[in-house]
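Enquirer: The structure under discussion is supplied below as structure tokens; questions concerning it will follow.
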Amino acid sequence: MATPDVGQPAPEISLPGLVVVDGERHDDQYSLSAQRGHPTVLAFYPGDNTPVCTRQMCSYAAGIEVFRGLGAPVWGISPQDLDSHESFARDQGLGFPLLADTAREAAKKYGIAMVGLGLRRSVFLIDADGVVRWKQVGLVGLTYADVDTIAEQIRQLAPS
């Protein structure tokens with residue numbers, strides 16, 4: 001399956017996830033359709049506590065106030081389970097939701113699942129109406145979209 005094109009409706013996802021706030025784990029079900037009304041950043045990453053993924057997620061955690069100021073929550077999505085995500089969030093101080101795509105259903109819907117390798121590191125910006133407005137899909141997975149690049153794309157969604 002190909003990745004959704006910019007301008008197409010974003011595939012619906014609904015996944016279990018968690019966020020660690022002030023040392024407390026909060027589990028929830030995260031559905032993209034519930035995000036209508038504001039943009040959402042979907043940051044797919046291959047694995048918790050791996051070097052590049054750790055750098056990527058920590059950079060987003062460091063820039064979380066930028067995303068919040070733009071009204072765009074960030075969801076980290078990977079194939080690991082919630083216990084792995086909790087350990088990763090606690091170890092790295094990640095204060096945004098990490099979603100467990102253990103069956104790789106979301107990765108398949110977004111066309112980034114790779115047989116035997118998990119998924120391709122990718123970021124999708126979904127607008128307030130549930131439409132894909134920007135994406136970066138990695139080929140090898142060693143690079144990722146930085147906070148400034150994503151923030152600029154979010155700013156471009158604002159009406160002029």
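Chain labels follow the order of the structure tokens: the first chain is A, the next B, and so on; residue numbering restarts at 1 in every chain, and ligands are counted from 1 in their shown order.
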Write out as a list in words the residues lying within 12 Å of A:Gly116, counting only C-alpha atoms and excluding same-chain residues fewer than 4 positions away.
Expert: Pro46, Arg104 and Arg120 of chain A
Enquirer: If you keep N, CA and C atoms, can you produce a file of those selected residues as an mmCIF file, in the first residue's frame?
Expert:
```cif
data_model
loop_
_atom_site.group_PDB
_atom_site.id
_atom_site.type_symbol
_atom_site.label_atom_id
_atom_site.label_comp_id
_atom_site.auth_asym_id
_atom_site.auth_seq_id
_atom_site.Cartn_x
_atom_site.Cartn_y
_atom_site.Cartn_z
ATOM 1 N N PRO A 46 10.749 3.502 14.305
ATOM 2 C CA PRO A 46 10.911 2.048 14.370
ATOM 3 C C PRO A 46 10.971 1.438 15.765
ATOM 4 N N ARG A 104 1.017 -3.361 13.703
ATOM 5 C CA ARG A 104 1.456 -2.528 12.578
ATOM 6 C C ARG A 104 0.298 -2.140 11.659
ATOM 7 N N ARG A 120 9.028 2.271 8.162
ATOM 8 C CA ARG A 120 9.907 3.358 7.718
ATOM 9 C C ARG A 120 9.633 4.586 8.577
#
```
Enquirer: Neighbouring residues of stretch 21-23 of chain A were defined as those with any atom within 9 Å, considering only C-alpha atoms; residues of the same chain fewer than 6 positions away were excluded. Please report them as a CSV table (one decimal) with C-alpha atoms, in the first residue's frame.
Expert:
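This is the output file around-v2.csv:
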```
chain,number,residue,atom,x,y,z
A,90,ARG,CA,10.4,7.7,31.6
A,94,LEU,CA,9.1,12.2,26.8
A,95,GLY,CA,5.9,14.1,27.8
A,96,PHE,CA,3.8,13.4,24.8
```
Enquirer: I'd like a table as a Markdown table: residues in stretch 15-48 of chain A with an atom no more than 6 Å from stretch 67-89 of chain A, each row giving the shortest atom pair and its distance in Å to one decimal, only C-alpha atoms counted, sorted by chain and rising residue number.
Expert:
```
| residue | atom | partner | partner_atom | distance |
| --- | --- | --- | --- | --- |
| A:Pro39 | CA | A:Ala72 | CA | 5.0 |
| A:Thr40 | CA | A:Ala72 | CA | 5.0 |
| A:Val41 | CA | A:Val74 | CA | 4.7 |
| A:Leu42 | CA | A:Trp75 | CA | 5.2 |
| A:Ala43 | CA | A:Gly76 | CA | 4.8 |
| A:Phe44 | CA | A:Ile77 | CA | 4.6 |
| A:Tyr45 | CA | A:Ser78 | CA | 5.3 |
| A:Pro46 | CA | A:Ser78 | CA | 5.7 |
| A:Asp48 | CA | A:Phe88 | CA | 5.9 |
```
Enquirer: Produce a file of the selected residues containing all heavy atoms, as a PDB file, in the first residue's frame.
Expert:
```pdb
ATOM      1  N   PRO A  39      -4.569  20.675  13.941  1.00  0.00           N
ATOM      2  CA  PRO A  39      -3.623  19.782  13.281  1.00  0.00           C
ATOM      3  C   PRO A  39      -3.015  18.785  14.270  1.00  0.00           C
ATOM      4  O   PRO A  39      -2.971  19.038  15.475  1.00  0.00           O
ATOM      5  CB  PRO A  39      -2.551  20.728  12.721  1.00  0.00           C
ATOM      6  CG  PRO A  39      -2.664  21.963  13.549  1.00  0.00           C
ATOM      7  CD  PRO A  39      -4.090  22.046  14.010  1.00  0.00           C
ATOM      8  N   THR A  40      -2.553  17.665  13.745  1.00  0.00           N
ATOM      9  CA  THR A  40      -1.908  16.625  14.551  1.00  0.00           C
ATOM     10  C   THR A  40      -0.683  16.119  13.801  1.00  0.00           C
ATOM     11  O   THR A  40      -0.731  15.927  12.583  1.00  0.00           O
ATOM     12  CB  THR A  40      -2.883  15.456  14.809  1.00  0.00           C
ATOM     13  OG1 THR A  40      -4.061  15.971  15.438  1.00  0.00           O
ATOM     14  CG2 THR A  40      -2.257  14.398  15.702  1.00  0.00           C
ATOM     15  N   VAL A  41       0.394  15.904  14.541  1.00  0.00           N
ATOM     16  CA  VAL A  41       1.630  15.370  13.981  1.00  0.00           C
ATOM     17  C   VAL A  41       1.731  13.898  14.351  1.00  0.00           C
ATOM     18  O   VAL A  41       1.735  13.551  15.539  1.00  0.00           O
ATOM     19  CB  VAL A  41       2.864  16.134  14.525  1.00  0.00           C
ATOM     20  CG1 VAL A  41       4.157  15.517  13.994  1.00  0.00           C
ATOM     21  CG2 VAL A  41       2.767  17.620  14.174  1.00  0.00           C
ATOM     22  N   LEU A  42       1.803  13.038  13.344  1.00  0.00           N
ATOM     23  CA  LEU A  42       1.998  11.605  13.556  1.00  0.00           C
ATOM     24  C   LEU A  42       3.453  11.299  13.240  1.00  0.00           C
ATOM     25  O   LEU A  42       3.881  11.416  12.087  1.00  0.00           O
ATOM     26  CB  LEU A  42       1.092  10.780  12.645  1.00  0.00           C
ATOM     27  CG  LEU A  42      -0.409  11.067  12.700  1.00  0.00           C
ATOM     28  CD1 LEU A  42      -1.153  10.168  11.714  1.00  0.00           C
ATOM     29  CD2 LEU A  42      -0.943  10.884  14.112  1.00  0.00           C
ATOM     30  N   ALA A  43       4.209  10.930  14.268  1.00  0.00           N
ATOM     31  CA  ALA A  43       5.634  10.644  14.102  1.00  0.00           C
ATOM     32  C   ALA A  43       5.857   9.143  14.290  1.00  0.00           C
ATOM     33  O   ALA A  43       5.931   8.642  15.409  1.00  0.00           O
ATOM     34  CB  ALA A  43       6.455  11.440  15.114  1.00  0.00           C
ATOM     35  N   PHE A  44       5.937   8.424  13.173  1.00  0.00           N
ATOM     36  CA  PHE A  44       6.183   6.983  13.204  1.00  0.00           C
ATOM     37  C   PHE A  44       7.686   6.745  13.348  1.00  0.00           C
ATOM     38  O   PHE A  44       8.483   7.324  12.606  1.00  0.00           O
ATOM     39  CB  PHE A  44       5.713   6.330  11.907  1.00  0.00           C
ATOM     40  CG  PHE A  44       4.220   6.267  11.745  1.00  0.00           C
ATOM     41  CD1 PHE A  44       3.518   7.305  11.140  1.00  0.00           C
ATOM     42  CD2 PHE A  44       3.503   5.156  12.182  1.00  0.00           C
ATOM     43  CE1 PHE A  44       2.143   7.236  10.963  1.00  0.00           C
ATOM     44  CE2 PHE A  44       2.126   5.083  12.014  1.00  0.00           C
ATOM     45  CZ  PHE A  44       1.448   6.126  11.403  1.00  0.00           C
ATOM     46  N   TYR A  45       8.057   5.890  14.297  1.00  0.00           N
ATOM     47  CA  TYR A  45       9.465   5.582  14.506  1.00  0.00           C
ATOM     48  C   TYR A  45       9.622   4.081  14.732  1.00  0.00           C
ATOM     49  O   TYR A  45       8.738   3.433  15.288  1.00  0.00           O
ATOM     50  CB  TYR A  45      10.046   6.396  15.662  1.00  0.00           C
ATOM     51  CG  TYR A  45       9.474   6.078  17.028  1.00  0.00           C
ATOM     52  CD1 TYR A  45      10.173   5.264  17.922  1.00  0.00           C
ATOM     53  CD2 TYR A  45       8.246   6.588  17.435  1.00  0.00           C
ATOM     54  CE1 TYR A  45       9.655   4.973  19.179  1.00  0.00           C
ATOM     55  CE2 TYR A  45       7.717   6.302  18.679  1.00  0.00           C
ATOM     56  CZ  TYR A  45       8.429   5.487  19.543  1.00  0.00           C
ATOM     57  OH  TYR A  45       7.912   5.192  20.783  1.00  0.00           O
ATOM     58  N   PRO A  46      10.749   3.502  14.305  1.00  0.00           N
ATOM     59  CA  PRO A  46      10.911   2.048  14.370  1.00  0.00           C
ATOM     60  C   PRO A  46      10.971   1.438  15.765  1.00  0.00           C
ATOM     61  O   PRO A  46      10.442   0.346  15.968  1.00  0.00           O
ATOM     62  CB  PRO A  46      12.210   1.793  13.610  1.00  0.00           C
ATOM     63  CG  PRO A  46      12.336   2.956  12.691  1.00  0.00           C
ATOM     64  CD  PRO A  46      11.765   4.120  13.454  1.00  0.00           C
ATOM     65  N   ASP A  48      11.609   1.899  20.344  1.00  0.00           N
ATOM     66  CA  ASP A  48      11.979   2.555  21.595  1.00  0.00           C
ATOM     67  C   ASP A  48      13.445   2.279  21.933  1.00  0.00           C
ATOM     68  O   ASP A  48      13.947   1.180  21.687  1.00  0.00           O
ATOM     69  CB  ASP A  48      11.117   2.020  22.750  1.00  0.00           C
ATOM     70  CG  ASP A  48       9.648   2.355  22.606  1.00  0.00           C
ATOM     71  OD1 ASP A  48       9.317   3.328  21.909  1.00  0.00           O
ATOM     72  OD2 ASP A  48       8.822   1.639  23.217  1.00  0.00           O
TER      73      ASP A  48
END
```
Enquirer: Would you please work out which residue, of A:Cys58, A:Ala107, A:Val66, A:Ala100, is nearest to A:Glu152 when using only C-alpha atoms?
Expert: A:Val66
Enquirer: Need the shell around A:Ile150: protein/DNA/RNA residues with any atom at most 9 Å away, counting only C-alpha atoms. Skip same-chain ones fewer than 4 positions apart. Format as a PyMOL selection string?
Expert: chain A and resi 41+67+123+125+134+145-146+154-155
Enquirer: With a distance cut-off of 10 Å and only C-alpha atoms, select the neighbouring residues of A:Gly130, excluding the residue or stretch itself and same-chain residues fewer than 5 positions from it, and output the selection as a PDB file with all heavy atoms, in the first residue's frame.
Expert:
```
ATOM      1  N   GLY A   7      -3.115  16.090   0.465  1.00  0.00           N
ATOM      2  CA  GLY A   7      -4.415  16.477  -0.042  1.00  0.00           C
ATOM      3  C   GLY A   7      -5.468  15.392   0.098  1.00  0.00           C
ATOM      4  O   GLY A   7      -6.649  15.656  -0.074  1.00  0.00           O
ATOM      5  N   GLN A   8      -5.030  14.171   0.416  1.00  0.00           N
ATOM      6  CA  GLN A   8      -5.969  13.071   0.625  1.00  0.00           C
ATOM      7  C   GLN A   8      -6.383  13.001   2.094  1.00  0.00           C
ATOM      8  O   GLN A   8      -5.619  13.394   2.977  1.00  0.00           O
ATOM      9  CB  GLN A   8      -5.337  11.733   0.259  1.00  0.00           C
ATOM     10  CG  GLN A   8      -5.141  11.491  -1.203  1.00  0.00           C
ATOM     11  CD  GLN A   8      -4.625  10.080  -1.461  1.00  0.00           C
ATOM     12  OE1 GLN A   8      -3.817   9.545  -0.711  1.00  0.00           O
ATOM     13  NE2 GLN A   8      -5.101   9.477  -2.540  1.00  0.00           N
ATOM     14  N   PRO A   9      -7.569  12.444   2.362  1.00  0.00           N
ATOM     15  CA  PRO A   9      -7.955  12.211   3.756  1.00  0.00           C
ATOM     16  C   PRO A   9      -6.949  11.271   4.429  1.00  0.00           C
ATOM     17  O   PRO A   9      -6.489  10.311   3.815  1.00  0.00           O
ATOM     18  CB  PRO A   9      -9.330  11.553   3.645  1.00  0.00           C
ATOM     19  CG  PRO A   9      -9.850  11.969   2.303  1.00  0.00           C
ATOM     20  CD  PRO A   9      -8.639  12.083   1.422  1.00  0.00           C
ATOM     21  N   ALA A  10      -6.635  11.584   5.657  1.00  0.00           N
ATOM     22  CA  ALA A  10      -5.709  10.742   6.418  1.00  0.00           C
ATOM     23  C   ALA A  10      -6.420   9.457   6.819  1.00  0.00           C
ATOM     24  O   ALA A  10      -7.572   9.498   7.254  1.00  0.00           O
ATOM     25  CB  ALA A  10      -5.234  11.481   7.669  1.00  0.00           C
ATOM     26  N   PRO A  11      -5.760   8.311   6.681  1.00  0.00           N
ATOM     27  CA  PRO A  11      -6.365   7.075   7.153  1.00  0.00           C
ATOM     28  C   PRO A  11      -6.650   7.162   8.655  1.00  0.00           C
ATOM     29  O   PRO A  11      -5.816   7.661   9.424  1.00  0.00           O
ATOM     30  CB  PRO A  11      -5.307   6.017   6.856  1.00  0.00           C
ATOM     31  CG  PRO A  11      -4.483   6.595   5.746  1.00  0.00           C
ATOM     32  CD  PRO A  11      -4.469   8.072   6.019  1.00  0.00           C
ATOM     33  N   GLU A  12      -7.812   6.702   9.062  1.00  0.00           N
ATOM     34  CA  GLU A  12      -8.183   6.710  10.480  1.00  0.00           C
ATOM     35  C   GLU A  12      -7.327   5.692  11.232  1.00  0.00           C
ATOM     36  O   GLU A  12      -7.067   4.589  10.744  1.00  0.00           O
ATOM     37  CB  GLU A  12      -9.668   6.369  10.647  1.00  0.00           C
ATOM     38  CG  GLU A  12     -10.112   6.186  12.082  1.00  0.00           C
ATOM     39  CD  GLU A  12      -9.877   7.403  12.994  1.00  0.00           C
ATOM     40  OE1 GLU A  12      -9.735   8.550  12.496  1.00  0.00           O
ATOM     41  OE2 GLU A  12      -9.830   7.197  14.212  1.00  0.00           O
ATOM     42  N   LEU A  32      -7.499   9.302  15.651  1.00  0.00           N
ATOM     43  CA  LEU A  32      -7.242  10.484  14.832  1.00  0.00           C
ATOM     44  C   LEU A  32      -8.520  11.290  14.609  1.00  0.00           C
ATOM     45  O   LEU A  32      -8.487  12.519  14.624  1.00  0.00           O
ATOM     46  CB  LEU A  32      -6.608  10.074  13.501  1.00  0.00           C
ATOM     47  CG  LEU A  32      -6.092  11.206  12.631  1.00  0.00           C
ATOM     48  CD1 LEU A  32      -5.091  12.082  13.372  1.00  0.00           C
ATOM     49  CD2 LEU A  32      -5.474  10.643  11.368  1.00  0.00           C
ATOM     50  N   SER A  33      -9.644  10.616  14.454  1.00  0.00           N
ATOM     51  CA  SER A  33     -10.902  11.337  14.217  1.00  0.00           C
ATOM     52  C   SER A  33     -11.259  12.256  15.384  1.00  0.00           C
ATOM     53  O   SER A  33     -11.917  13.279  15.190  1.00  0.00           O
ATOM     54  CB  SER A  33     -12.045  10.363  13.939  1.00  0.00           C
ATOM     55  OG  SER A  33     -12.216   9.468  15.019  1.00  0.00           O
ATOM     56  N   ALA A  34     -10.811  11.930  16.587  1.00  0.00           N
ATOM     57  CA  ALA A  34     -11.080  12.775  17.754  1.00  0.00           C
ATOM     58  C   ALA A  34     -10.233  14.045  17.754  1.00  0.00           C
ATOM     59  O   ALA A  34     -10.465  14.949  18.560  1.00  0.00           O
ATOM     60  CB  ALA A  34     -10.838  11.984  19.044  1.00  0.00           C
ATOM     61  N   GLN A  35      -9.291  14.132  16.841  1.00  0.00           N
ATOM     62  CA  GLN A  35      -8.392  15.291  16.766  1.00  0.00           C
ATOM     63  C   GLN A  35      -8.906  16.375  15.825  1.00  0.00           C
ATOM     64  O   GLN A  35      -8.256  17.405  15.659  1.00  0.00           O
ATOM     65  CB  GLN A  35      -7.001  14.840  16.300  1.00  0.00           C
ATOM     66  CG  GLN A  35      -6.313  13.909  17.279  1.00  0.00           C
ATOM     67  CD  GLN A  35      -6.115  14.573  18.619  1.00  0.00           C
ATOM     68  OE1 GLN A  35      -6.840  14.291  19.566  1.00  0.00           O
ATOM     69  NE2 GLN A  35      -5.169  15.464  18.720  1.00  0.00           N
ATOM     70  N   ARG A  36     -10.052  16.163  15.208  1.00  0.00           N
ATOM     71  CA  ARG A  36     -10.581  17.158  14.282  1.00  0.00           C
ATOM     72  C   ARG A  36     -10.693  18.501  14.986  1.00  0.00           C
ATOM     73  O   ARG A  36     -11.033  18.573  16.157  1.00  0.00           O
ATOM     74  CB  ARG A  36     -11.948  16.736  13.743  1.00  0.00           C
ATOM     75  CG  ARG A  36     -11.918  15.478  12.905  1.00  0.00           C
ATOM     76  CD  ARG A  36     -11.336  15.744  11.523  1.00  0.00           C
ATOM     77  NE  ARG A  36     -10.957  14.552  10.814  1.00  0.00           N
ATOM     78  CZ  ARG A  36     -11.750  13.831  10.053  1.00  0.00           C
ATOM     79  NH1 ARG A  36     -13.007  14.155   9.906  1.00  0.00           N
ATOM     80  NH2 ARG A  36     -11.284  12.775   9.433  1.00  0.00           N
ATOM     81  N   GLY A  37     -10.390  19.536  14.253  1.00  0.00           N
ATOM     82  CA  GLY A  37     -10.453  20.880  14.823  1.00  0.00           C
ATOM     83  C   GLY A  37      -9.078  21.491  15.023  1.00  0.00           C
ATOM     84  O   GLY A  37      -8.959  22.694  15.212  1.00  0.00           O
ATOM     85  N   HIS A  38      -8.041  20.672  14.977  1.00  0.00           N
ATOM     86  CA  HIS A  38      -6.669  21.192  15.057  1.00  0.00           C
ATOM     87  C   HIS A  38      -5.724  20.206  14.382  1.00  0.00           C
ATOM     88  O   HIS A  38      -6.047  19.033  14.245  1.00  0.00           O
ATOM     89  CB  HIS A  38      -6.253  21.463  16.508  1.00  0.00           C
ATOM     90  CG  HIS A  38      -6.367  20.268  17.399  1.00  0.00           C
ATOM     91  ND1 HIS A  38      -5.427  19.277  17.453  1.00  0.00           N
ATOM     92  CD2 HIS A  38      -7.343  19.903  18.263  1.00  0.00           C
ATOM     93  CE1 HIS A  38      -5.805  18.359  18.317  1.00  0.00           C
ATOM     94  NE2 HIS A  38      -6.973  18.698  18.814  1.00  0.00           N
ATOM     95  N   PRO A  39      -4.569  20.675  13.941  1.00  0.00           N
ATOM     96  CA  PRO A  39      -3.623  19.782  13.281  1.00  0.00           C
ATOM     97  C   PRO A  39      -3.015  18.785  14.270  1.00  0.00           C
ATOM     98  O   PRO A  39      -2.971  19.038  15.475  1.00  0.00           O
ATOM     99  CB  PRO A  39      -2.551  20.728  12.721  1.00  0.00           C
ATOM    100  CG  PRO A  39      -2.664  21.963  13.549  1.00  0.00           C
ATOM    101  CD  PRO A  39      -4.090  22.046  14.010  1.00  0.00           C
ATOM    102  N   THR A  40      -2.553  17.665  13.745  1.00  0.00           N
ATOM    103  CA  THR A  40      -1.908  16.625  14.551  1.00  0.00           C
ATOM    104  C   THR A  40      -0.683  16.119  13.801  1.00  0.00           C
ATOM    105  O   THR A  40      -0.731  15.927  12.583  1.00  0.00           O
ATOM    106  CB  THR A  40      -2.883  15.456  14.809  1.00  0.00           C
ATOM    107  OG1 THR A  40      -4.061  15.971  15.438  1.00  0.00           O
ATOM    108  CG2 THR A  40      -2.257  14.398  15.702  1.00  0.00           C
ATOM    109  N   LEU A 125       1.731  15.246   8.755  1.00  0.00           N
ATOM    110  CA  LEU A 125       0.999  16.365   9.349  1.00  0.00           C
ATOM    111  C   LEU A 125      -0.431  16.294   8.830  1.00  0.00           C
ATOM    112  O   LEU A 125      -0.672  16.370   7.615  1.00  0.00           O
ATOM    113  CB  LEU A 125       1.639  17.700   8.975  1.00  0.00           C
ATOM    114  CG  LEU A 125       0.878  18.954   9.406  1.00  0.00           C
ATOM    115  CD1 LEU A 125       0.676  18.992  10.926  1.00  0.00           C
ATOM    116  CD2 LEU A 125       1.599  20.202   8.923  1.00  0.00           C
TER     117      LEU A 125
END
```
Enquirer: According to DSSP computed on the backbone, where in chain A is there alpha helix (DSSP H)? Give the residues as a VMD selection string.
Expert: chain A and resid 51 to 62 64 to 69 82 to 92 105 to 109 147 to 157
Enquirer: Using C-alpha atoms, can you write the selected residues to a file as an mmCIF file, in the first residue's frame?
Expert:
```
data_model
loop_
_atom_site.group_PDB
_atom_site.id
_atom_site.type_symbol
_atom_site.label_atom_id
_atom_site.label_comp_id
_atom_site.auth_asym_id
_atom_site.auth_seq_id
_atom_site.Cartn_x
_atom_site.Cartn_y
_atom_site.Cartn_z
ATOM 1 C CA PRO A 51 19.878 5.581 18.894
ATOM 2 C CA VAL A 52 18.162 7.460 16.036
ATOM 3 C CA CYS A 53 14.652 7.023 17.469
ATOM 4 C CA THR A 54 15.825 8.331 20.827
ATOM 5 C CA ARG A 55 17.362 11.422 19.183
ATOM 6 C CA GLN A 56 14.195 11.998 17.159
ATOM 7 C CA MET A 57 11.728 11.641 20.028
ATOM 8 C CA CYS A 58 13.934 13.644 22.412
ATOM 9 C CA SER A 59 14.137 16.470 19.851
ATOM 10 C CA TYR A 60 10.333 16.545 19.687
ATOM 11 C CA ALA A 61 10.122 16.515 23.490
ATOM 12 C CA ALA A 62 12.563 19.441 23.624
ATOM 13 C CA ILE A 64 7.036 20.342 22.594
ATOM 14 C CA GLU A 65 6.227 23.946 23.572
ATOM 15 C CA VAL A 66 6.610 24.949 19.917
ATOM 16 C CA PHE A 67 4.064 22.313 18.906
ATOM 17 C CA ARG A 68 1.730 23.243 21.761
ATOM 18 C CA GLY A 69 1.972 26.915 20.815
ATOM 19 C CA LEU A 82 2.790 0.129 26.209
ATOM 20 C CA ASP A 83 5.239 -1.202 28.806
ATOM 21 C CA SER A 84 8.138 -0.576 26.423
ATOM 22 C CA HIS A 85 6.760 2.905 25.712
ATOM 23 C CA GLU A 86 6.471 3.644 29.413
ATOM 24 C CA SER A 87 10.109 2.719 30.009
ATOM 25 C CA PHE A 88 11.193 4.800 27.000
ATOM 26 C CA ALA A 89 9.102 7.812 28.084
ATOM 27 C CA ARG A 90 10.450 7.651 31.632
ATOM 28 C CA ASP A 91 14.086 7.116 30.591
ATOM 29 C CA GLN A 92 14.008 9.999 28.104
ATOM 30 C CA GLU A 105 -2.084 -1.667 11.445
ATOM 31 C CA ALA A 106 -1.410 2.073 11.378
ATOM 32 C CA ALA A 107 1.930 1.554 9.618
ATOM 33 C CA LYS A 108 0.140 -0.503 6.960
ATOM 34 C CA LYS A 109 -2.628 2.096 6.515
ATOM 35 C CA VAL A 147 11.028 20.519 14.974
ATOM 36 C CA ASP A 148 11.637 23.649 12.878
ATOM 37 C CA THR A 149 10.680 21.896 9.623
ATOM 38 C CA ILE A 150 7.468 20.477 11.074
ATOM 39 C CA ALA A 151 6.596 23.767 12.804
ATOM 40 C CA GLU A 152 6.967 25.648 9.519
ATOM 41 C CA GLN A 153 4.582 23.209 7.846
ATOM 42 C CA ILE A 154 2.056 23.709 10.678
ATOM 43 C CA ARG A 155 2.340 27.489 10.321
ATOM 44 C CA GLN A 156 1.532 27.192 6.627
ATOM 45 C CA LEU A 157 -1.824 25.637 7.568
#
```
Enquirer: Find the distance between atom CA of A:Ser14 and atom CA of A:Gly93 and write it in Å to one decimal.
Expert: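 Atom-to-atom, atom CA of A:Ser14 to atom CA of A:Gly93, that is 24.2 Å.
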Enquirer: Determine, counting only C-alpha atoms, which protein, DNA and RNA residues have an atom within 10 Å of an atom of A:Leu139; residues of the same chain fewer than 5 positions away are not included. Present the result as a short mmCIF file (atom, residue, chain, number, x, y, z; two decimals) with N, CA, C and O atoms, in the first residue's frame.
Expert:
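Written output follows (out.cif):
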```
data_model
loop_
_atom_site.label_atom_id
_atom_site.label_comp_id
_atom_site.auth_asym_id
_atom_site.auth_seq_id
_atom_site.Cartn_x
_atom_site.Cartn_y
_atom_site.Cartn_z
N ILE A 112 3.79 2.50 5.26
CA ILE A 112 5.18 2.58 5.70
C ILE A 112 5.66 1.30 6.38
O ILE A 112 6.79 1.24 6.87
N ARG A 120 9.03 2.27 8.16
CA ARG A 120 9.91 3.36 7.72
C ARG A 120 9.63 4.59 8.58
O ARG A 120 8.49 4.98 8.76
N ARG A 121 10.69 5.18 9.08
CA ARG A 121 10.56 6.40 9.89
C ARG A 121 9.86 7.46 9.05
O ARG A 121 10.31 7.80 7.96
N SER A 122 8.75 7.98 9.57
CA SER A 122 7.92 8.90 8.78
C SER A 122 7.20 9.88 9.69
O SER A 122 6.89 9.55 10.84
#
```
Enquirer: Quote the spacing between atom CA of A:Gly17 and atom CA of A:Gly47 in Å to one decimal place.
Expert: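 Result for atom CA of A:Gly17 versus atom CA of A:Gly47: 14.7 Å, one decimal.
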